[in-house]
Each structure stands twice: as structure tokens, then as C-alpha cells.
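Shown next: final-v2.txt, given as compact mmCIF, C-alpha atoms (C1' of nucleotides).
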```txt
# COMPACT_ATOMS: atom_id res chain seq x y z
CA MET A 915 -127.87 46.05 21.78
CA ALA A 916 -124.39 44.83 22.68
CA ASP A 917 -124.69 41.24 21.45
CA LEU A 918 -123.38 40.65 17.94
CA LEU A 919 -125.72 37.69 17.59
CA ALA A 920 -128.66 39.91 18.50
CA LEU A 921 -127.57 42.52 15.97
CA PHE A 922 -127.38 39.80 13.38
CA THR A 923 -130.78 38.39 14.26
CA GLN A 924 -132.37 41.79 14.01
CA ALA A 925 -130.74 42.72 10.71
CA ALA A 926 -131.58 39.36 9.20
CA LYS A 927 -135.19 39.64 10.27
CA LEU A 928 -135.58 43.11 8.80
CA LEU A 929 -133.92 42.12 5.54
CA ARG A 930 -136.00 38.98 5.25
CA GLU A 931 -139.24 40.85 5.87
CA ALA A 932 -138.33 43.54 3.38
CA ALA A 933 -137.35 40.97 0.77
CA ASP A 934 -140.57 39.06 1.29
CA GLU A 935 -142.68 42.16 0.93
CA ALA A 936 -140.84 43.26 -2.19
CA MET A 937 -140.98 39.90 -3.96
CA ARG A 938 -144.53 39.22 -2.88
CA ARG A 939 -145.79 41.68 -5.46
CA HIS A 940 -144.45 39.27 -8.06
CA GLY A 941 -146.02 36.25 -6.42
CA VAL A 942 -142.80 34.92 -4.91
CA ARG A 943 -142.13 34.37 -1.22
CA VAL A 944 -138.70 34.22 0.37
CA GLY A 945 -138.78 30.48 0.85
CA GLN A 946 -139.84 29.97 -2.73
CA HIS A 947 -137.19 32.33 -4.03
CA ILE A 948 -134.28 30.19 -2.93
CA VAL A 949 -135.76 27.29 -4.88
CA LEU A 950 -136.18 29.50 -7.91
CA THR A 951 -132.56 30.66 -7.76
CA VAL A 952 -131.52 27.05 -8.22
CA LEU A 953 -134.08 26.19 -10.90
CA TRP A 954 -133.30 29.35 -12.83
CA GLN A 955 -129.77 28.03 -13.13
CA GLN A 956 -130.75 24.46 -13.91
CA ASP A 957 -134.30 23.35 -14.51
CA GLY A 958 -135.71 19.90 -13.80
CA LEU A 959 -133.80 19.09 -10.62
CA THR A 960 -135.12 16.76 -7.92
CA PRO A 961 -136.06 17.95 -4.41
CA GLY A 962 -133.02 16.21 -2.98
CA GLU A 963 -130.65 17.88 -5.42
CA ILE A 964 -132.13 21.28 -4.69
CA ALA A 965 -131.91 20.71 -0.96
CA ARG A 966 -128.23 19.78 -1.21
CA ARG A 967 -127.42 22.87 -3.26
CA LEU A 968 -129.21 25.14 -0.80
CA ASP A 969 -127.99 23.42 2.34
CA VAL A 970 -131.51 22.77 3.60
CA THR A 971 -133.34 19.50 4.24
CA THR A 972 -135.34 17.63 1.62
CA PRO A 973 -138.70 18.02 3.40
CA THR A 974 -138.24 21.78 3.29
CA ILE A 975 -138.02 21.64 -0.50
CA VAL A 976 -140.87 19.14 -0.79
CA ASN A 977 -143.22 21.36 1.20
CA THR A 978 -142.11 24.53 -0.54
CA ALA A 979 -142.52 22.81 -3.90
CA THR A 980 -146.12 21.96 -2.99
CA ARG A 981 -146.85 25.61 -2.25
CA MET A 982 -145.07 26.64 -5.44
CA GLU A 983 -147.13 24.15 -7.40
CA GLU A 984 -150.31 25.65 -5.98
CA ALA A 985 -148.99 29.10 -6.85
CA GLY A 986 -148.31 27.98 -10.41
CA LEU A 987 -144.56 28.43 -10.20
CA VAL A 988 -143.36 24.87 -10.74
CA ILE A 989 -144.58 21.60 -12.20
CA ARG A 990 -143.86 18.22 -10.59
CA ARG A 991 -143.09 15.38 -12.97
CA PRO A 992 -141.80 11.87 -12.20
CA ASP A 993 -138.42 10.95 -13.61
CA SER A 994 -138.74 8.71 -16.65
CA ALA A 995 -135.88 6.42 -15.68
CA ASP A 996 -135.99 6.26 -11.87
CA ALA A 997 -139.44 5.97 -10.32
CA ARG A 998 -138.17 7.17 -6.96
CA LEU A 999 -137.33 10.60 -8.34
CA VAL A 1000 -139.53 13.61 -8.89
CA ARG A 1001 -138.34 16.48 -11.06
CA LEU A 1002 -139.37 20.09 -10.63
CA TYR A 1003 -139.80 22.24 -13.72
CA LEU A 1004 -140.24 25.99 -13.94
CA SER A 1005 -143.56 27.31 -15.22
CA PRO A 1006 -143.62 30.15 -17.76
CA LEU A 1007 -144.72 32.37 -14.86
CA ALA A 1008 -141.64 31.45 -12.87
CA ARG A 1009 -139.46 32.30 -15.87
CA SER A 1010 -141.20 35.61 -16.42
CA VAL A 1011 -140.66 36.89 -12.88
CA ARG A 1012 -136.95 36.20 -12.87
CA GLU A 1013 -135.85 39.68 -13.89
CA PRO A 1014 -138.42 41.65 -11.89
CA VAL A 1015 -137.53 39.69 -8.77
CA ARG A 1016 -133.83 40.21 -9.37
CA ASP A 1017 -134.47 43.92 -9.75
CA VAL A 1018 -136.44 44.36 -6.54
CA ARG A 1019 -133.80 42.42 -4.64
CA ARG A 1020 -131.06 44.63 -6.05
CA ALA A 1021 -133.07 47.69 -5.13
CA LEU A 1022 -133.55 46.43 -1.60
CA GLU A 1023 -129.87 45.65 -1.30
CA ARG A 1024 -128.97 49.15 -2.44
CA HIS A 1025 -131.48 50.70 -0.08
CA ALA A 1026 -130.45 48.67 2.95
CA THR A 1027 -126.79 49.50 2.43
CA ALA A 1028 -127.32 53.07 1.29
CA THR A 1029 -125.55 54.50 4.33
CA LEU A 1030 -122.48 52.28 3.86
CA THR A 1031 -119.43 53.25 1.83
CA ALA A 1032 -118.15 50.99 -0.90
CA ALA A 1033 -115.32 49.93 1.38
CA GLU A 1034 -117.72 49.11 4.17
CA LEU A 1035 -119.78 47.02 1.79
CA ASP A 1036 -116.70 45.10 0.78
CA HIS A 1037 -115.81 44.50 4.42
CA LEU A 1038 -119.34 43.32 5.12
CA ARG A 1039 -119.27 40.83 2.27
CA SER A 1040 -115.89 39.59 3.39
CA ALA A 1041 -116.97 39.25 7.00
CA LEU A 1042 -120.13 37.36 6.06
CA THR A 1043 -118.18 35.02 3.85
CA LYS A 1044 -115.68 34.32 6.60
CA ILE A 1045 -118.41 33.65 9.15
CA ILE A 1046 -120.18 31.27 6.79
CA ALA A 1047 -116.93 29.42 6.10
CA GLN A 1048 -116.11 29.19 9.78
CA LEU A 1049 -119.52 27.80 10.73
CA GLN A 1050 -119.70 25.38 7.82
CA ASN A 1051 -116.28 23.85 8.42
CA GLU A 1052 -117.22 21.92 11.52
CA SER A 1053 -120.39 19.89 11.13
CA PRO A 1054 -119.58 17.82 8.02
CA MET B 1101 -122.93 33.45 -4.06
CA ALA B 1102 -122.93 37.00 -5.40
CA ASP B 1103 -126.10 38.26 -3.74
CA LEU B 1104 -125.51 40.11 -0.47
CA LEU B 1105 -129.01 39.15 0.66
CA ALA B 1106 -128.21 35.51 0.03
CA LEU B 1107 -124.96 35.80 1.97
CA PHE B 1108 -126.90 37.35 4.79
CA THR B 1109 -129.57 34.68 4.73
CA GLN B 1110 -126.99 31.94 4.87
CA ALA B 1111 -124.95 33.48 7.67
CA ALA B 1112 -128.06 34.21 9.70
CA LYS B 1113 -129.30 30.66 9.29
CA LEU B 1114 -126.00 29.13 10.37
CA LEU B 1115 -125.70 31.44 13.37
CA ARG B 1116 -129.27 30.78 14.41
CA GLU B 1117 -128.85 27.03 14.17
CA ALA B 1118 -125.59 27.13 16.11
CA ALA B 1119 -127.12 29.35 18.80
CA ASP B 1120 -130.12 27.08 19.10
CA GLU B 1121 -127.99 24.00 19.47
CA ALA B 1122 -125.75 25.64 22.05
CA MET B 1123 -128.56 27.04 24.21
CA ARG B 1124 -130.65 23.92 23.90
CA ARG B 1125 -128.38 22.15 26.34
CA HIS B 1126 -129.63 24.62 28.93
CA GLY B 1127 -133.27 24.16 27.97
CA VAL B 1128 -133.59 27.42 26.08
CA ARG B 1129 -134.51 27.77 22.40
CA VAL B 1130 -133.70 30.78 20.25
CA GLY B 1131 -137.25 32.09 20.25
CA GLN B 1132 -137.44 31.77 24.00
CA HIS B 1133 -134.09 33.43 24.50
CA ILE B 1134 -135.19 36.79 23.16
CA VAL B 1135 -138.05 36.80 25.67
CA LEU B 1136 -135.61 35.93 28.44
CA THR B 1137 -133.27 38.78 27.50
CA VAL B 1138 -136.12 41.19 28.17
CA LEU B 1139 -137.36 39.52 31.36
CA TRP B 1140 -133.82 39.25 32.73
CA GLN B 1141 -133.71 43.02 32.53
CA GLN B 1142 -137.20 43.59 33.90
CA ASP B 1143 -139.39 40.85 35.28
CA GLY B 1144 -143.18 40.82 35.26
CA LEU B 1145 -143.81 42.45 31.90
CA THR B 1146 -146.89 41.82 29.77
CA PRO B 1147 -146.77 40.06 26.38
CA GLY B 1148 -147.54 43.34 24.65
CA GLU B 1149 -144.71 45.17 26.39
CA ILE B 1150 -142.25 42.40 25.55
CA ALA B 1151 -143.39 42.36 21.93
CA ARG B 1152 -142.86 46.11 21.61
CA ARG B 1153 -139.37 45.93 23.07
CA LEU B 1154 -138.39 43.11 20.75
CA ASP B 1155 -140.07 44.46 17.66
CA VAL B 1156 -142.17 41.34 17.16
CA THR B 1157 -145.92 40.84 17.26
CA THR B 1158 -147.89 40.07 20.40
CA PRO B 1159 -149.06 36.62 19.27
CA THR B 1160 -145.44 35.61 18.82
CA ILE B 1161 -144.80 36.34 22.49
CA VAL B 1162 -148.05 34.73 23.61
CA ASN B 1163 -147.24 31.49 21.82
CA THR B 1164 -143.62 31.50 22.92
CA ALA B 1165 -144.75 32.20 26.50
CA THR B 1166 -146.99 29.12 26.35
CA ARG B 1167 -144.04 26.96 25.33
CA MET B 1168 -141.88 28.59 28.01
CA GLU B 1169 -144.55 27.90 30.60
CA GLU B 1170 -144.58 24.24 29.60
CA ALA B 1171 -140.79 24.23 29.80
CA GLY B 1172 -140.94 25.73 33.29
CA LEU B 1173 -139.20 28.97 32.34
CA VAL B 1174 -141.93 31.51 33.07
CA ILE B 1175 -145.10 31.82 35.13
CA ARG B 1176 -148.23 33.56 33.81
CA ARG B 1177 -150.14 35.69 36.33
CA PRO B 1178 -153.02 38.11 35.74
CA ASP B 1179 -152.40 41.73 36.62
CA SER B 1180 -154.04 42.66 39.92
CA ALA B 1181 -155.31 46.02 38.73
CA ASP B 1182 -156.15 45.49 35.04
CA ALA B 1183 -157.90 42.25 34.20
CA ARG B 1184 -156.96 42.53 30.54
CA LEU B 1185 -153.26 42.20 31.33
CA VAL B 1186 -151.20 39.10 31.90
CA ARG B 1187 -147.76 39.38 33.46
CA LEU B 1188 -144.90 37.00 32.81
CA TYR B 1189 -142.52 36.16 35.65
CA LEU B 1190 -139.22 34.34 35.49
CA SER B 1191 -138.97 30.97 37.19
CA PRO B 1192 -135.94 30.13 39.33
CA LEU B 1193 -134.82 27.91 36.45
CA ALA B 1194 -134.91 30.82 34.06
CA ARG B 1195 -132.80 32.86 36.45
CA SER B 1196 -130.31 30.07 36.92
CA VAL B 1197 -129.58 29.61 33.22
CA ARG B 1198 -128.86 33.29 32.60
CA GLU B 1199 -125.09 33.06 32.96
CA PRO B 1200 -124.58 29.68 31.25
CA VAL B 1201 -126.62 30.87 28.30
CA ARG B 1202 -124.71 34.13 28.12
CA ASP B 1203 -121.48 32.16 28.17
CA VAL B 1204 -122.36 29.78 25.35
CA ARG B 1205 -123.52 32.70 23.24
CA ARG B 1206 -120.26 34.52 23.83
CA ALA B 1207 -118.36 31.39 22.95
CA LEU B 1208 -120.34 31.00 19.75
CA GLU B 1209 -119.77 34.63 18.86
CA ARG B 1210 -116.03 34.24 19.38
CA HIS B 1211 -115.95 31.05 17.36
CA ALA B 1212 -117.99 32.40 14.46
CA THR B 1213 -115.81 35.48 14.18
CA ALA B 1214 -112.53 33.75 14.96
CA THR B 1215 -111.13 34.43 11.49
CA LEU B 1216 -111.95 38.15 11.64
CA THR B 1217 -109.58 40.79 12.94
CA ALA B 1218 -110.68 43.19 15.64
CA ALA B 1219 -111.04 45.92 13.03
CA GLU B 1220 -113.17 43.69 10.85
CA LEU B 1221 -115.39 42.91 13.81
CA ASP B 1222 -115.85 46.61 14.46
CA HIS B 1223 -116.73 47.19 10.83
CA LEU B 1224 -119.23 44.34 10.94
CA ARG B 1225 -120.96 45.73 14.02
CA SER B 1226 -121.06 49.16 12.46
CA ALA B 1227 -122.45 47.86 9.17
CA LEU B 1228 -125.14 45.82 10.89
CA THR B 1229 -126.17 48.80 13.00
CA LYS B 1230 -126.41 51.00 9.93
CA ILE B 1231 -128.48 48.46 8.04
CA ILE B 1232 -130.87 48.06 10.96
CA ALA B 1233 -131.26 51.82 11.28
CA GLN B 1234 -131.84 52.20 7.56
CA LEU B 1235 -134.52 49.51 7.44
CA GLN B 1236 -136.27 50.64 10.60
CA ASN B 1237 -136.53 54.29 9.56
CA GLU B 1238 -139.19 53.81 6.96
CA SER B 1239 -142.13 51.76 8.17
CA PRO B 1240 -143.19 53.80 11.23
C1' DC C 1189 -133.23 -14.46 -8.76
C1' DT C 1190 -133.84 -13.11 -4.14
C1' DC C 1191 -132.82 -10.69 0.12
C1' DG C 1192 -131.03 -6.97 2.54
C1' DT C 1193 -129.42 -2.24 2.10
C1' DT C 1194 -129.56 2.26 0.26
C1' DT C 1195 -131.84 6.01 -1.67
C1' DC C 1196 -135.78 8.50 -2.77
C1' DG C 1197 -140.04 11.67 -1.92
C1' DC C 1198 -143.34 12.31 1.31
C1' DT C 1199 -146.06 12.87 5.79
C1' DA C 1200 -146.38 14.04 10.62
C1' DG C 1201 -145.35 16.94 14.09
C1' DC C 1202 -142.59 20.78 16.17
C1' DA C 1203 -140.58 25.90 16.68
C1' DT C 1204 -140.67 30.46 15.19
C1' DG C 1205 -142.39 34.20 12.95
C1' DC C 1206 -146.65 36.55 10.69
C1' DT C 1207 -151.84 38.49 9.95
C1' DA C 1208 -156.73 38.48 11.01
C1' DA C 1209 -160.39 37.84 13.97
C1' DT C 1210 -162.42 37.10 18.79
C1' DG C 1211 -163.77 38.23 23.27
C1' DA C 1212 -163.12 40.42 27.56
C1' DT C 1213 -162.10 44.52 29.99
C1' DA C 1214 -161.15 49.53 30.63
C1' DG C 1215 -161.82 54.16 29.50
C1' DT C 1216 -164.52 58.02 27.44
C1' DC C 1217 -168.19 60.86 25.98
C1' DC C 1218 -172.68 62.41 26.22
C1' DG D 1118 -174.83 55.59 33.87
C1' DG D 1119 -174.91 53.62 29.48
C1' DA D 1120 -173.13 53.10 24.97
C1' DC D 1121 -168.88 53.59 22.01
C1' DT D 1122 -164.22 53.08 21.53
C1' DA D 1123 -159.73 51.52 22.57
C1' DT D 1124 -156.74 48.09 24.39
C1' DC D 1125 -155.29 43.68 25.72
C1' DA D 1126 -154.43 38.49 25.41
C1' DT D 1127 -155.72 34.77 22.88
C1' DT D 1128 -156.91 31.64 18.95
C1' DA D 1129 -156.82 30.22 14.14
C1' DG D 1130 -154.41 29.64 10.20
C1' DC D 1131 -150.30 30.47 7.18
C1' DA D 1132 -144.99 30.26 5.68
C1' DT D 1133 -140.59 28.62 6.61
C1' DG D 1134 -137.33 25.87 8.66
C1' DC D 1135 -136.34 21.37 11.34
C1' DT D 1136 -136.25 15.93 12.78
C1' DA D 1137 -138.21 11.32 12.65
C1' DG D 1138 -140.31 7.78 10.40
C1' DC D 1139 -142.78 5.67 6.29
C1' DG D 1140 -143.27 3.21 1.98
C1' DA D 1141 -141.69 2.54 -2.65
C1' DA D 1142 -138.12 1.70 -5.71
C1' DA D 1143 -133.31 0.61 -7.06
C1' DC D 1144 -129.07 -1.75 -6.23
C1' DG D 1145 -125.59 -5.22 -4.71
C1' DA D 1146 -124.12 -9.59 -2.98
C1' DG D 1147 -124.60 -14.30 -3.06
```

Please express what this file holds, its structure, as C-alpha cells.
Amino acid sequence: MADLLALFTQAAKLLREAADEAMRRHGVRVGQHIVLTVLWQQDGLTPGEIARRLDVTTPTIVNTATRMEEAGLVIRRPDSADARLVRLYLSPLARSVREPVRDVRRALERHATATLTAAELDHLRSALTKIIAQLQNESP
Amino acid sequence: MADLLALFTQAAKLLREAADEAMRRHGVRVGQHIVLTVLWQQDGLTPGEIARRLDVTTPTIVNTATRMEEAGLVIRRPDSADARLVRLYLSPLARSVREPVRDVRRALERHATATLTAAELDHLRSALTKIIAQLQNESP
DNA sequence: CTCGTTTCGCTAGCATGCTAATGATAGTCC
DNA sequence: GGACTATCATTAGCATGCTAGCGAAACGAG
């Protein structure tokens, strides 16, 4: 496997699968988790706001929100002032899984990087951050 | 963005999108590219063999092969000896895009890692390899 | 106030991955 | 040689992302 892109694809796939499996036990899927990370910080946002914060498209959030509604994680409510807006609110269930989900993600992170030194971990973080910055600073 | 998993998710998404856009100009999508990498090495493999080499499921290859057939990249042909098997063969088009696709991927790789030093790149490769090894050595 | 523009969420349809189930064929055991 | 098992591609249906296009609502100019 010489290709850095291929290495990246493979690592990302394995991490994503492992994260999904770990969080699934708490009723949260990977696509739903990113929405929760935003709502845990600020409840009652609109799909558009969430999409902008996560750098995904609005339909992605709309569809994920529908699945989360069915799973009992969020509640959709129209905005009282602007009839175009819909606001997403966390259910008690969504609040209650915050810590368990955080814990399993931390555990996965520790496990996945168990064979790396602290310095290597720092370099990895730094490299990822640089790559993200480099790729983001062109399309806007 | 404190979470390493989140950093990873973001970087992987950006790289995937950039790779897709770059290869698209040559009629190849990211999901089709991984199949091509295998067939470029050895033509005439079965969906099951390709899936095993790529560490994905057989249906993934079957569905991707259908789209590649429609795109004129591969030809499906039943095995002459074992009627259960289907063999996938590269089209002339698929052969002709090998180098252009390799080039745009190299260019993307260079661009994405332009702000990293050679040492940082080495560390990144090493870290990714270690993470892959760590995550693979548990499920089998 | 009205008309055109902008801004929303949403639906439709696609690509890429998955699991589960189906059906056809090959191989094996008695 | 006939039945059981294993193996293979395929289909169906789901989750997660995307783009394109819709209809409703708000806003701004005149």
C-alpha cells in the first residue's frame, strides 16, 4: 500500500466502522453523532445552522434528523417567529447518552493509537490539522 | 476540534471529495477506483476475490461493477469452468485512464500535504500504518 | 402594497458502503 | 448416484453523504 490516499481511506474506514459499532450500543450511529456533537453544545438549532457548523449539506442534516426523530433522539419543532425554520431539540435520551458515547469514543481513540508514542500522536494531530486547513482554503 | 476521531473524519471527507472530483474528469469515481487498482494489477478477477483484496464486502463490488459496466470500464464474463463465478475484465478505456488517474491522485496528495515537511509526511504514513494494523488485528 | 429575490426545509435521485436473504452451482459423504 | 453442505453472485433494503429542484415564507425596492 504505497498510496497515502489509500492508507488514509483504509484507516478512515476502519475507524468509522469501529466508532459506529461502539456507539451503536448506545443507539447512536456515526452520522447521527456529528449532529449530536453540535446540539450538545447548543440545543434548538435549525438544520441549516447545523449543516454549516459541520461543513455538510442541509439535506444531509434533514435526512439524518428524520432518522434521529424515529430513533427518539431529537424533536422537530417549527420556529415561533419564522415559519420557514425548523428547530431541532435534544430528547432526554440524547442527553443521557452524551457521556457514555464520549467514553466509548475516547476508548476507541486510545485503542486505535495504542501503538503510537505521545510524540507520534502529536504529529498525527498536527498533520491532520494541516491537511484539513490546506484542503479547506481553496473552495470558498 | 479536540477529538482525534473528528479530525480524522474531517480530513478523510475532504480528501475523498477532492479525489472524487479530480478523478471524475477521467470518468472514474472513488468507489470505482479501488476496484481498478486491483484489476490494473491482475485482470479477470471475480467479485469475491476483489472484495477480499480490498477488505470490503462482495455486494459492494457487485454493485460497483454494475455501475462500472454501465460506464464502460469493465466487462462481466462468466467463468468457463465454474458457472458460479463471474470474472471482471478491464475495458480499453479503463486501461487508458490508468496513468492520468495516477497522476491526478499524486498531484492531490502533493497538494494536500504541501504544508508538511518530509519528516512529517513520514510520521503520518507510519502513524496511519500503525492505526490500520491495530484495528485490523482484532476482528479476525 | 405588491412583485421579484432570497432564504428556508424538504423531496427525489445518485454513489458508496453495509447486512441478510436468495438461488444456482459445485463438491462431499454415504 | 443422490442428498447435504459449501460457495458464489445477486438482490433487497438500510445509513450516510451528495446535487438538483420544489414550494413556502420572508424581505426589499418601488

Write out as a ChimeraX atom specification each polymer residue whose atoms come within 12 Å of Glu1023 in chain A, counting only C-alpha atoms (C1' of nucleotides); drop sequence neighbours fewer than 5 positions from it. /A:928-930,932-933,936,1016-1018,1028-1030,1035 /B:1102-1108,1231,1234-1235

Could those selected residues go to a file with C-alpha atoms, as a tab-separated table (two decimals), keeping the file's coordinate frame?
```tsv
chain	number	residue	atom	x	y	z
A	928	LEU	CA	-135.58	43.11	8.80
A	929	LEU	CA	-133.92	42.12	5.54
A	930	ARG	CA	-136.00	38.98	5.25
A	932	ALA	CA	-138.33	43.54	3.38
A	933	ALA	CA	-137.35	40.97	0.77
A	936	ALA	CA	-140.84	43.26	-2.19
A	1016	ARG	CA	-133.83	40.21	-9.37
A	1017	ASP	CA	-134.47	43.92	-9.75
A	1018	VAL	CA	-136.44	44.36	-6.54
A	1028	ALA	CA	-127.32	53.07	1.29
A	1029	THR	CA	-125.55	54.50	4.33
A	1030	LEU	CA	-122.48	52.28	3.86
A	1035	LEU	CA	-119.78	47.02	1.79
B	1102	ALA	CA	-122.93	37.00	-5.40
B	1103	ASP	CA	-126.10	38.26	-3.74
B	1104	LEU	CA	-125.51	40.11	-0.47
B	1105	LEU	CA	-129.01	39.15	0.66
B	1106	ALA	CA	-128.21	35.51	0.03
B	1107	LEU	CA	-124.96	35.80	1.97
B	1108	PHE	CA	-126.90	37.35	4.79
B	1231	ILE	CA	-128.48	48.46	8.04
B	1234	GLN	CA	-131.84	52.20	7.56
B	1235	LEU	CA	-134.52	49.51	7.44
```

Tell me as a list in words which residues belonging to chain B come within 8 Å of chain D, counting all atoms listed in the file.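 Result: Pro1147, Gly1148, Pro1159, Val1162, Arg1184, Leu1185 and Val1186 of chain B.
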
Within 6 Å of chain A, which residues of chain B show up when using all atoms listed in the file, listed as a ChimeraX atom specification? /B:1111,1212-1213,1224,1231-1232,1234

Give the residues of chain C that lie within 10 Å of chain A; count all atoms listed in the file, and format the answer as an NGL selection string. :C and (1195-1199 or 1205-1206)

Sphere at (-134.1, 31.8, 33.4), radius 6 Å, counting all atoms listed in the file: residues as a list in words: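 All residues meeting the 6 Å criterion around (-134.1, 31.8, 33.4) are Leu1173, Leu1193, Ala1194, Arg1195, Ser1196, Val1197 and Arg1198 of chain B.
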
Give the answer as one residue: which of B:Met1123, B:Ala1165, B:Ala1171, B:Ala1181 has the shortest atom-to-atom distance to DA1214 in chain C, using only C-alpha atoms (C1' of nucleotides)?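 Nearest candidate to DA1214 in chain C out of B:Met1123, B:Ala1165, B:Ala1171, B:Ala1181: B:Ala1181.
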
Hey, can you check how far CA of Arg1187 in chain B sits from C1' of DA1203 in chain C? 22.7 Å

Can you work out the spacing between CA of Thr1160 in chain B and CA of Val1015 in chain A in Å, to one decimal?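 These two atoms are separated by 29.0 Å.
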